[in-house]
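Colleague: My structure is stored as input_10.txt, with compact mmCIF, C-alpha atoms.
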# COMPACT_ATOMS: atom_id res chain seq x y z
CA MET A 1192 81.95 112.97 92.68
CA ALA A 1193 81.76 109.20 93.14
CA TRP A 1194 84.96 107.21 92.51
CA ILE A 1195 83.24 105.38 89.70
CA ASP A 1196 82.91 108.73 87.88
CA LEU A 1197 86.67 108.60 87.38
CA ALA A 1198 86.09 105.68 85.00
CA ASN A 1199 85.35 108.41 82.48
CA PRO A 1200 88.81 109.43 81.13
CA THR A 1201 87.62 112.89 80.09
CA ARG A 1202 86.39 113.59 83.62
CA PHE A 1203 89.63 112.19 85.00
CA LEU A 1204 91.67 114.51 82.76
CA ARG A 1205 89.70 117.52 84.00
CA LEU A 1206 90.32 116.48 87.61
CA VAL A 1207 94.07 116.04 86.97
CA ASP A 1208 94.30 119.47 85.31
CA ARG A 1209 92.74 121.02 88.40
CA ALA A 1210 94.70 119.03 91.01
CA LEU A 1211 98.22 119.09 89.51
CA PRO A 1212 99.12 122.75 90.22
CA TRP A 1213 98.03 122.36 93.87
CA LEU A 1214 99.91 119.08 94.28
CA THR A 1215 103.04 120.57 92.73
CA ALA A 1216 102.92 123.59 95.02
CA LEU A 1217 102.38 121.35 98.06
CA ALA A 1218 105.33 119.14 97.04
CA VAL A 1219 107.63 122.18 96.60
CA PHE A 1220 106.70 123.54 100.06
CA ALA A 1221 107.09 120.11 101.63
CA PHE A 1222 110.55 119.67 100.05
CA ALA A 1223 111.65 123.14 101.20
CA PHE A 1224 110.61 122.34 104.78
CA ALA A 1225 112.04 118.81 104.73
CA LEU A 1226 115.39 119.75 103.16
CA ASN A 1227 115.83 122.54 105.69
CA GLY A 1228 115.08 120.05 108.48
CA ALA A 1229 117.51 117.51 106.99
CA ALA A 1230 120.26 120.13 106.81
CA GLU A 1231 119.65 121.22 110.42
CA ALA A 1232 119.35 117.67 111.81
CA PRO A 1233 122.18 116.70 114.18
CA ALA A 1234 124.71 114.02 113.37
CA ASP A 1235 123.93 110.56 114.73
CA TYR A 1236 126.03 109.50 117.73
CA GLN A 1237 127.13 106.33 115.93
CA GLN A 1238 126.80 107.08 112.21
CA GLY A 1239 127.82 110.73 112.21
CA ALA A 1240 126.66 112.86 109.27
CA THR A 1241 125.99 109.81 107.07
CA VAL A 1242 122.59 109.65 108.77
CA LYS A 1243 121.61 112.38 106.28
CA ILE A 1244 121.54 109.67 103.60
CA MET A 1245 118.60 108.18 105.53
CA PHE A 1246 116.48 111.24 104.61
CA ILE A 1247 116.43 110.09 100.98
CA HIS A 1248 117.05 106.35 101.37
CA VAL A 1249 113.99 105.66 103.57
CA PRO A 1250 111.46 107.70 101.51
CA ALA A 1251 112.76 106.05 98.32
CA ALA A 1252 112.37 102.60 99.89
CA TRP A 1253 108.88 103.53 101.11
CA LEU A 1254 107.86 104.70 97.63
CA GLY A 1255 109.26 101.59 95.96
CA MET A 1256 107.01 99.44 98.16
CA PHE A 1257 104.05 101.85 98.20
CA CYS A 1258 104.10 101.95 94.42
CA TRP A 1259 103.98 98.15 94.17
CA GLY A 1260 101.12 98.10 96.69
CA MET A 1261 99.27 100.64 94.58
CA MET A 1262 99.89 98.60 91.43
CA THR A 1263 98.49 95.56 93.25
CA VAL A 1264 95.23 97.43 93.93
CA SER A 1265 95.22 98.53 90.28
CA ALA A 1266 95.81 94.91 89.20
CA LEU A 1267 92.68 93.89 91.10
CA GLY A 1268 90.88 96.81 89.42
CA THR A 1269 91.98 95.46 86.04
CA LEU A 1270 91.22 91.77 86.61
CA VAL A 1271 88.14 91.95 88.84
CA PHE A 1272 86.39 95.28 88.23
CA ARG A 1273 87.75 95.97 84.72
CA HIS A 1274 88.06 99.64 85.61
CA PRO A 1275 89.23 101.45 82.45
CA LEU A 1276 91.83 103.52 84.32
CA ALA A 1277 93.21 100.67 86.45
CA ASP A 1278 95.77 99.44 83.94
CA VAL A 1279 96.61 103.06 83.06
CA ALA A 1280 97.44 103.61 86.74
CA ALA A 1281 99.49 100.41 86.93
CA LYS A 1282 101.40 101.04 83.70
CA THR A 1283 102.39 104.59 84.63
CA ALA A 1284 103.33 103.69 88.21
CA ALA A 1285 105.87 101.04 87.14
CA PRO A 1286 108.63 103.37 85.84
CA LEU A 1287 108.21 105.63 88.89
CA GLY A 1288 108.44 102.66 91.26
CA ALA A 1289 111.50 101.35 89.41
CA ALA A 1290 113.18 104.75 89.64
CA PHE A 1291 112.58 105.12 93.38
CA THR A 1292 113.66 101.53 94.05
CA PHE A 1293 116.85 102.28 92.10
CA VAL A 1294 117.41 105.37 94.29
CA CYS A 1295 116.86 103.19 97.36
CA LEU A 1296 119.44 100.63 96.20
CA VAL A 1297 122.06 103.20 95.20
CA THR A 1298 121.73 105.34 98.32
CA GLY A 1299 121.73 102.17 100.44
CA ALA A 1300 125.00 101.09 98.83
CA LEU A 1301 126.49 104.55 99.34
CA TRP A 1302 125.41 104.46 103.00
CA GLY A 1303 126.62 100.88 103.46
CA ARG A 1304 130.19 101.52 102.30
CA PRO A 1305 131.20 103.87 105.15
CA MET A 1306 129.00 102.13 107.79
CA TRP A 1307 129.32 98.43 106.96
CA GLY A 1308 132.56 98.53 104.98
CA THR A 1309 130.85 97.22 101.84
CA TYR A 1310 128.55 98.52 99.13
CA TRP A 1311 126.58 95.30 98.90
CA VAL A 1312 125.88 92.13 100.82
CA TRP A 1313 123.49 89.35 99.79
CA ASP A 1314 121.34 89.55 102.92
CA ALA A 1315 117.56 89.12 102.97
CA ARG A 1316 116.56 92.81 102.96
CA LEU A 1317 118.91 93.93 100.21
CA THR A 1318 118.24 90.89 98.06
CA SER A 1319 114.44 91.13 98.38
CA VAL A 1320 114.55 94.81 97.36
CA LEU A 1321 116.77 93.90 94.40
CA VAL A 1322 114.20 91.25 93.43
CA MET A 1323 111.50 93.94 93.52
CA PHE A 1324 113.63 96.17 91.26
CA VAL A 1325 114.14 93.32 88.77
CA MET A 1326 110.38 92.65 88.80
CA TYR A 1327 109.76 96.34 88.05
CA LEU A 1328 112.06 96.00 85.04
CA GLY A 1329 110.17 92.85 84.02
CA LEU A 1330 106.88 94.76 84.16
CA LEU A 1331 108.30 97.57 82.04
CA ALA A 1332 109.52 95.02 79.49
CA LEU A 1333 106.11 93.33 79.47
CA TRP A 1334 104.29 96.61 78.83
CA ARG A 1335 106.63 97.33 75.91
CA THR A 1336 106.38 93.81 74.46
CA VAL A 1337 102.58 93.46 74.16
CA GLU A 1338 101.18 96.10 71.83
CA ASP A 1339 97.49 95.86 72.75
CA PRO A 1340 97.10 97.81 76.04
CA ALA A 1341 94.22 95.63 77.29
CA ARG A 1342 96.15 92.36 76.84
CA ALA A 1343 99.32 93.88 78.26
CA GLY A 1344 97.30 95.17 81.23
CA ARG A 1345 95.96 91.72 82.11
CA ALA A 1346 99.39 90.05 81.82
CA ALA A 1347 101.02 92.81 83.86
CA ALA A 1348 98.27 92.56 86.49
CA ILE A 1349 99.03 88.86 87.03
CA LEU A 1350 102.77 89.54 87.31
CA THR A 1351 102.03 92.38 89.75
CA LEU A 1352 99.94 90.12 91.99
CA VAL A 1353 102.75 87.54 92.02
CA GLY A 1354 105.27 90.26 92.88
CA ALA A 1355 103.09 91.47 95.75
CA LEU A 1356 104.12 88.34 97.65
CA ASN A 1357 107.54 89.96 97.94
CA LEU A 1358 106.21 92.98 99.91
CA PRO A 1359 105.84 91.23 103.30
CA ILE A 1360 109.16 89.50 102.68
CA ILE A 1361 110.85 92.89 102.26
CA LYS A 1362 109.11 94.34 105.32
CA PHE A 1363 109.77 91.44 107.69
CA SER A 1364 113.08 90.20 106.24
CA VAL A 1365 114.99 92.00 109.00
CA ASP A 1366 112.89 90.15 111.63
CA TRP A 1367 112.76 86.71 110.02
CA TRP A 1368 116.45 86.45 109.12
CA ASN A 1369 119.73 87.59 110.58
CA THR A 1370 120.63 90.52 108.33
CA LEU A 1371 123.26 93.23 108.22
CA HIS A 1372 120.48 95.76 107.60
CA GLN A 1373 119.15 97.41 110.74
CA PRO A 1374 115.66 96.39 111.96
CA ALA A 1375 112.61 98.65 111.57
CA SER A 1376 113.01 101.89 113.49
CA VAL A 1377 109.97 103.97 112.39
CA VAL A 1378 106.98 101.63 111.89
CA ARG A 1379 107.09 99.54 115.08
CA LEU A 1380 104.46 98.37 117.53
CA ASP A 1381 106.29 100.10 120.39
CA GLY A 1382 106.75 103.35 118.44
CA PRO A 1383 109.71 104.85 116.58
CA THR A 1384 113.18 104.48 118.08
CA ILE A 1385 114.54 107.61 116.37
CA HIS A 1386 115.00 110.90 118.23
CA PRO A 1387 112.47 113.59 117.14
CA SER A 1388 115.29 115.84 115.89
CA ILE A 1389 115.90 113.26 113.14
CA LEU A 1390 112.44 111.66 112.96
CA ILE A 1391 110.56 114.89 112.09
CA PRO A 1392 112.74 115.75 109.03
CA LEU A 1393 112.53 112.10 107.99
CA LEU A 1394 108.71 112.11 108.11
CA ALA A 1395 108.62 115.50 106.35
CA MET A 1396 110.88 114.17 103.59
CA THR A 1397 108.71 111.06 103.26
CA LEU A 1398 105.63 113.27 102.86
CA ALA A 1399 107.43 115.45 100.29
CA PHE A 1400 108.52 112.41 98.25
CA THR A 1401 105.00 110.97 98.43
CA LEU A 1402 103.48 114.24 97.16
CA LEU A 1403 106.04 114.27 94.35
CA PHE A 1404 105.14 110.68 93.48
CA VAL A 1405 101.39 111.41 93.42
CA ALA A 1406 101.91 114.49 91.22
CA LEU A 1407 104.19 112.60 88.81
CA HIS A 1408 101.83 109.64 88.73
CA LEU A 1409 98.75 111.73 87.92
CA ALA A 1410 100.69 113.58 85.22
CA ALA A 1411 101.95 110.29 83.75
CA MET A 1412 98.39 108.87 83.82
CA ARG A 1413 97.19 111.92 81.90
CA ASN A 1414 99.92 111.31 79.32
CA GLU A 1415 98.90 107.66 79.00
CA VAL A 1416 95.22 108.58 78.42
CA LEU A 1417 96.35 111.00 75.71
CA ARG A 1418 98.64 108.31 74.20
CA ARG A 1419 95.71 105.89 73.98
CA ARG A 1420 93.59 108.56 72.31
CA VAL A 1421 96.36 109.10 69.75
CA ARG A 1422 96.46 105.34 69.18
CA THR A 1423 92.67 105.19 68.70
CA LEU A 1424 92.71 108.10 66.26
CA ARG A 1425 95.52 106.51 64.25
CA LEU A 1426 93.54 103.27 64.03
CA LEU A 1427 90.46 105.21 62.88
CA GLN A 1428 92.59 107.06 60.35
CA ALA A 1429 93.98 103.76 59.03
CA GLN A 1430 90.47 102.27 58.81
CA ALA A 1431 89.22 105.32 56.92
CA ALA A 1432 92.18 105.15 54.51
CA ARG A 1433 91.54 101.45 53.89
CA GLY A 1434 87.84 102.03 53.30
CA ALA A 1435 88.47 104.91 50.85
CA MET B 74 127.36 122.33 107.36
CA ASP B 75 130.09 119.84 108.25
CA LEU B 76 129.51 116.49 106.54
CA GLY B 77 132.51 114.83 108.17
CA PRO B 78 134.90 112.31 106.64
CA HIS B 79 132.19 110.58 104.56
CA ALA B 80 130.98 113.71 102.77
CA VAL B 81 131.57 112.18 99.34
CA PHE B 82 129.03 109.40 100.04
CA ILE B 83 126.44 111.87 101.32
CA VAL B 84 126.87 114.27 98.40
CA ALA B 85 126.83 111.38 95.89
CA SER B 86 123.55 110.06 97.39
CA TYR B 87 121.81 113.43 97.08
CA ALA B 88 123.28 113.99 93.59
CA VAL B 89 122.00 110.63 92.29
CA THR B 90 118.55 111.29 93.77
CA LEU B 91 118.44 114.77 92.24
CA VAL B 92 119.39 113.44 88.80
CA ILE B 93 116.71 110.71 88.95
CA VAL B 94 113.99 113.08 90.17
CA VAL B 95 114.83 115.71 87.53
CA ALA B 96 114.87 112.97 84.87
CA LEU B 97 111.39 111.77 85.96
CA ILE B 98 109.98 115.31 85.88
CA ALA B 99 111.53 115.94 82.44
CA TRP B 100 110.21 112.61 81.11
CA VAL B 101 106.63 113.37 82.21
CA TRP B 102 106.78 116.95 80.92
CA ILE B 103 108.28 116.07 77.51
CA ASP B 104 105.86 113.15 77.09
CA HIS B 105 102.90 115.45 77.81
CA ARG B 106 104.04 117.96 75.19
CA ARG B 107 104.57 115.16 72.66
CA GLN B 108 101.18 113.47 73.19
CA SER B 109 99.34 116.80 73.18
CA ARG B 110 101.03 117.78 69.91
CA LEU B 111 100.24 114.41 68.26
CA LEU B 112 96.61 114.62 69.35
CA ALA B 113 96.27 118.21 68.11
CA ASP B 114 97.83 117.23 64.74
CA LEU B 115 95.40 114.35 64.26
CA GLU B 116 92.39 116.45 65.23
CA ALA B 117 93.55 119.23 62.91
CA ARG B 118 93.45 116.66 60.08
CA GLY B 119 89.84 115.96 60.93
CA VAL B 120 90.36 112.60 62.66
CA ARG B 121 88.03 112.44 65.64
CA ARG B 122 86.90 109.78 68.08
CA ARG B 123 83.31 108.70 67.63
CA SER B 124 82.52 109.88 71.14
CA ALA B 125 83.98 113.31 70.32
CA GLU B 126 81.97 113.76 67.14
CA PRO B 127 78.99 116.07 67.33
CA ALA B 128 75.73 114.21 67.75
CA PRO B 129 73.71 113.90 64.55
CA ALA B 130 71.05 116.55 64.22
CA ARG B 131 67.74 115.40 65.61
CA PRO B 132 64.76 115.69 63.31
CA ALA B 133 62.71 118.75 64.06
CA ASP B 134 60.07 118.19 66.70
CA PRO B 135 56.67 117.65 65.13
CA PRO B 136 54.44 120.67 65.45
CA ALA B 137 52.21 120.61 68.45
CA PRO B 138 48.72 119.54 67.58
CA VAL B 139 46.53 122.52 67.14
CA LYS B 140 43.43 122.33 69.15
CA GLU B 141 40.43 123.24 67.26
CA THR B 142 38.60 125.72 69.19
CA ALA B 143 35.15 126.75 68.63
CA ALA B 144 35.40 130.23 67.31
Go ahead and render the structure in this file as structure tokens.
Modeller:
Amino acid sequence: MAWIDLANPTRFLRLVDRALPWLTALAVFAFAFALNGAAEAPADYQQGATVKIMFIHVPAAWLGMFCWGMMTVSALGTLVFRHPLADVAAKTAAPLGAAFTFVCLVTGALWGRPMWGTYWVWDARLTSVLVMFVMYLGLLALWRTVEDPARAGRAAAILTLVGALNLPIIKFSVDWWNTLHQPASVVRLDGPTIHPSILIPLLAMTLAFTLLFVALHLAAMRNEVLRRRVRTLRLLQAQAARGA
Amino acid sequence: MDLGPHAVFIVASYAVTLVIVVALIAWVWIDHRRQSRLLADLEARGVRRRSAEPAPARPADPPAPVKETAA
């Protein structure tokens, strides 16, 4: 099947119906493996058992950024290629991205209190992630404000492209500025600086969260296609009633 | 599993994450049931998309020309 075939919502719905059970099963297995690894992981020599917060904080941060990256590709799909499912993908990704960014901020604060002595500090990394969260909320508000999905999709696509400028700022904030947040320790040119006993559960948890995100996103996209069908049918019903 | 002196922060982190993830799953599931029910109701009332309507019946193919054969 060519990717362009997915422009047909009916075909897309059939594909989602087939893929969702497999994705769900994969996510459950991945979480079972990752949670077991997180429970067995040793305490960090400096941070003690609080390092276990990292197993949810890092995947949530990754998903917050990954989701915005995916919405950026969808925004291009909406504005340039006018793919009929592009704005569906963007609209349904926004609440998921907001939720995972919220998890990232809350778990970061809960990790910061025992390690830094404070829940929050206005440093570059924390502030840029907070900006991303606020932009997610702005996108959600925009989608709810404009009733016509096509118009809302174009406006949201522009806001998404503007917000994408924040992604490199988040990633490199710990290198460009002097921050309380630790520098990158997984994605580095010279390789990860984390011991495998902690790195492997972390990567497993990241995979599990990503599978969960993909499953939730596909399911939410299916709901949105159905919602638009309901909207179309209601409009047809109203037209028929007016014509009668 | 010994979570040390900061156990409350660790447990709170996992609890918040669990609540958010369960809420997301519930939201998607409930929304799917709702949209499916609305769509089924509308279709049961005979409202259909144009693309879902059965194609109009094609006129019967004209009979094949009969070759006159020399009997």
Colleague: Rounded to one decimal in Å, what is the spacing between CA of Gly1382 (chain A) and CA of Ala1225 (chain A)?
Modeller: 21.3 Å
Colleague: Would you mind listing, as a ChimeraX atom specification, all residues of chain A that have at least one atom within 7 Å of chain B, where all atoms listed in the file are what counts?
Modeller: /A:1240-1241,1243-1244,1290,1294,1298,1301-1302,1305,1410-1411,1414,1417-1418,1421,1424,1428
Colleague: Pull C-alpha atoms from the residues just selected and write them as a short mmCIF file (atom, residue, chain, number, x, y, z; two decimals), keeping the file's coordinate frame.
Modeller:
data_model
loop_
_atom_site.label_atom_id
_atom_site.label_comp_id
_atom_site.auth_asym_id
_atom_site.auth_seq_id
_atom_site.Cartn_x
_atom_site.Cartn_y
_atom_site.Cartn_z
CA ALA A 1240 126.66 112.86 109.27
CA THR A 1241 125.99 109.81 107.07
CA LYS A 1243 121.61 112.38 106.28
CA ILE A 1244 121.54 109.67 103.60
CA ALA A 1290 113.18 104.75 89.64
CA VAL A 1294 117.41 105.37 94.29
CA THR A 1298 121.73 105.34 98.32
CA LEU A 1301 126.49 104.55 99.34
CA TRP A 1302 125.41 104.46 103.00
CA PRO A 1305 131.20 103.87 105.15
CA ALA A 1410 100.69 113.58 85.22
CA ALA A 1411 101.95 110.29 83.75
CA ASN A 1414 99.92 111.31 79.32
CA LEU A 1417 96.35 111.00 75.71
CA ARG A 1418 98.64 108.31 74.20
CA VAL A 1421 96.36 109.10 69.75
CA LEU A 1424 92.71 108.10 66.26
CA GLN A 1428 92.59 107.06 60.35
#
Colleague: Find the distance between CA of Lys1282 (chain A) and CA of Cys1258 (chain A) and write it in Å to one decimal.
Modeller: 11.1 Å
Colleague: For CA of Thr1336 (chain A) and CA of Arg1273 (chain A), determine how far apart the two atoms are, in Å to one decimal place.
Modeller: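 The value is 21.4 Å.
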Colleague: Using all atoms listed in the file, which protein or nucleic acid residues come within 7 Å of region 1338-1353 of chain A? Drop anything in the same chain fewer than 2 positions from it, and give the result as a PyMOL selection string.
Modeller: chain A and resi 1262-1263+1266+1269-1270+1278+1330+1333-1336+1355-1356
Colleague: Neighbours of Val1207 (chain A) within 8 Å (only C-alpha atoms; same-chain residues fewer than 2 positions away dropped), as a list in words?
Modeller: Phe1203, Leu1204, Arg1205, Arg1209, Ala1210, Leu1211, Leu1409, Ala1410 and Arg1413 of chain A
Colleague: Give me the residues within 10 Å of Leu1390 (chain A) as a PDB file with C-alpha atoms, keeping the file's coordinate frame, counting only C-alpha atoms and dropping any in the same chain fewer than 2 places off.
Modeller:
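Output saved as out_18.pdb:
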ATOM      1  CA  GLY A1228     115.080 120.050 108.480  1.00  0.00           C
ATOM      2  CA  ALA A1229     117.510 117.510 106.990  1.00  0.00           C
ATOM      3  CA  ALA A1232     119.350 117.670 111.810  1.00  0.00           C
ATOM      4  CA  PHE A1246     116.480 111.240 104.610  1.00  0.00           C
ATOM      5  CA  SER A1376     113.010 101.890 113.490  1.00  0.00           C
ATOM      6  CA  VAL A1377     109.970 103.970 112.390  1.00  0.00           C
ATOM      7  CA  PRO A1383     109.710 104.850 116.580  1.00  0.00           C
ATOM      8  CA  THR A1384     113.180 104.480 118.080  1.00  0.00           C
ATOM      9  CA  ILE A1385     114.540 107.610 116.370  1.00  0.00           C
ATOM     10  CA  HIS A1386     115.000 110.900 118.230  1.00  0.00           C
ATOM     11  CA  PRO A1387     112.470 113.590 117.140  1.00  0.00           C
ATOM     12  CA  SER A1388     115.290 115.840 115.890  1.00  0.00           C
ATOM     13  CA  PRO A1392     112.740 115.750 109.030  1.00  0.00           C
ATOM     14  CA  LEU A1393     112.530 112.100 107.990  1.00  0.00           C
ATOM     15  CA  LEU A1394     108.710 112.110 108.110  1.00  0.00           C
ATOM     16  CA  ALA A1395     108.620 115.500 106.350  1.00  0.00           C
ATOM     17  CA  MET A1396     110.880 114.170 103.590  1.00  0.00           C
TER      18      MET A1396
END
Colleague: Working from the structure I just supplied, which lacks atoms in region 1219-1242 of chain A, can you model N, CA, C and O atoms there and output them as a short mmCIF file (atom, residue, chain, number, x, y, z; two decimals), keeping the file's coordinate frame?
Modeller:
data_model
loop_
_atom_site.label_atom_id
_atom_site.label_comp_id
_atom_site.auth_asym_id
_atom_site.auth_seq_id
_atom_site.Cartn_x
_atom_site.Cartn_y
_atom_site.Cartn_z
N VAL A 1219 106.50 121.22 96.52
CA VAL A 1219 107.63 122.18 96.60
C VAL A 1219 107.77 122.68 98.05
O VAL A 1219 108.88 122.71 98.60
N PHE A 1220 106.65 123.06 98.66
CA PHE A 1220 106.70 123.54 100.06
C PHE A 1220 107.20 122.43 100.98
O PHE A 1220 108.00 122.66 101.89
N ALA A 1221 106.69 121.23 100.77
CA ALA A 1221 107.09 120.11 101.63
C ALA A 1221 108.59 119.83 101.49
O ALA A 1221 109.29 119.59 102.49
N PHE A 1222 109.12 119.90 100.25
CA PHE A 1222 110.55 119.67 100.05
C PHE A 1222 111.38 120.79 100.70
O PHE A 1222 112.44 120.52 101.27
N ALA A 1223 110.90 122.03 100.59
CA ALA A 1223 111.65 123.14 101.20
C ALA A 1223 111.75 122.93 102.71
O ALA A 1223 112.84 123.07 103.30
N PHE A 1224 110.63 122.58 103.33
CA PHE A 1224 110.61 122.34 104.78
C PHE A 1224 111.49 121.15 105.15
O PHE A 1224 112.30 121.20 106.08
N ALA A 1225 111.33 120.05 104.40
CA ALA A 1225 112.04 118.81 104.73
C ALA A 1225 113.54 118.95 104.52
O ALA A 1225 114.34 118.48 105.34
N LEU A 1226 113.95 119.60 103.42
CA LEU A 1226 115.39 119.75 103.16
C LEU A 1226 116.05 120.64 104.20
O LEU A 1226 117.18 120.39 104.63
N ASN A 1227 115.31 121.68 104.61
CA ASN A 1227 115.83 122.54 105.69
C ASN A 1227 116.00 121.73 106.97
O ASN A 1227 117.04 121.82 107.65
N GLY A 1228 115.00 120.91 107.29
CA GLY A 1228 115.08 120.05 108.48
C GLY A 1228 116.22 119.05 108.38
O GLY A 1228 116.94 118.81 109.37
N ALA A 1229 116.43 118.49 107.18
CA ALA A 1229 117.51 117.51 106.99
C ALA A 1229 118.87 118.18 107.17
O ALA A 1229 119.81 117.59 107.74
N ALA A 1230 118.98 119.42 106.67
CA ALA A 1230 120.26 120.13 106.81
C ALA A 1230 120.55 120.47 108.27
O ALA A 1230 121.71 120.44 108.72
N GLU A 1231 119.48 120.81 109.02
CA GLU A 1231 119.65 121.22 110.42
C GLU A 1231 119.76 120.03 111.38
O GLU A 1231 120.16 120.20 112.53
N ALA A 1232 119.38 118.84 110.92
CA ALA A 1232 119.35 117.67 111.81
C ALA A 1232 120.76 117.37 112.34
O ALA A 1232 121.74 117.48 111.60
N PRO A 1233 120.86 116.99 113.62
CA PRO A 1233 122.18 116.70 114.18
C PRO A 1233 122.76 115.40 113.64
O PRO A 1233 122.02 114.55 113.13
N ALA A 1234 124.06 115.27 113.76
CA ALA A 1234 124.71 114.02 113.37
C ALA A 1234 124.34 112.92 114.36
O ALA A 1234 124.11 113.19 115.55
N ASP A 1235 124.25 111.69 113.87
CA ASP A 1235 123.93 110.56 114.73
C ASP A 1235 125.15 110.22 115.60
O ASP A 1235 126.29 110.38 115.14
N TYR A 1236 124.90 109.76 116.83
CA TYR A 1236 126.03 109.50 117.73
C TYR A 1236 126.89 108.34 117.27
O TYR A 1236 128.07 108.25 117.65
N GLN A 1237 126.33 107.44 116.45
CA GLN A 1237 127.13 106.33 115.93
C GLN A 1237 127.53 106.55 114.46
O GLN A 1237 128.66 106.28 114.08
N GLN A 1238 126.57 107.03 113.66
CA GLN A 1238 126.80 107.08 112.21
C GLN A 1238 127.30 108.43 111.72
O GLN A 1238 127.59 108.58 110.53
N GLY A 1239 127.35 109.40 112.62
CA GLY A 1239 127.82 110.73 112.21
C GLY A 1239 126.89 111.36 111.20
O GLY A 1239 125.67 111.13 111.22
N ALA A 1240 127.47 112.13 110.24
CA ALA A 1240 126.66 112.86 109.27
C ALA A 1240 126.06 111.94 108.21
O ALA A 1240 125.16 112.35 107.48
N THR A 1241 126.55 110.69 108.12
CA THR A 1241 125.99 109.81 107.07
C THR A 1241 124.51 109.52 107.30
O THR A 1241 123.83 109.03 106.40
N VAL A 1242 124.03 109.85 108.52
CA VAL A 1242 122.59 109.65 108.77
C VAL A 1242 121.76 110.50 107.81
O VAL A 1242 120.58 110.21 107.59
#
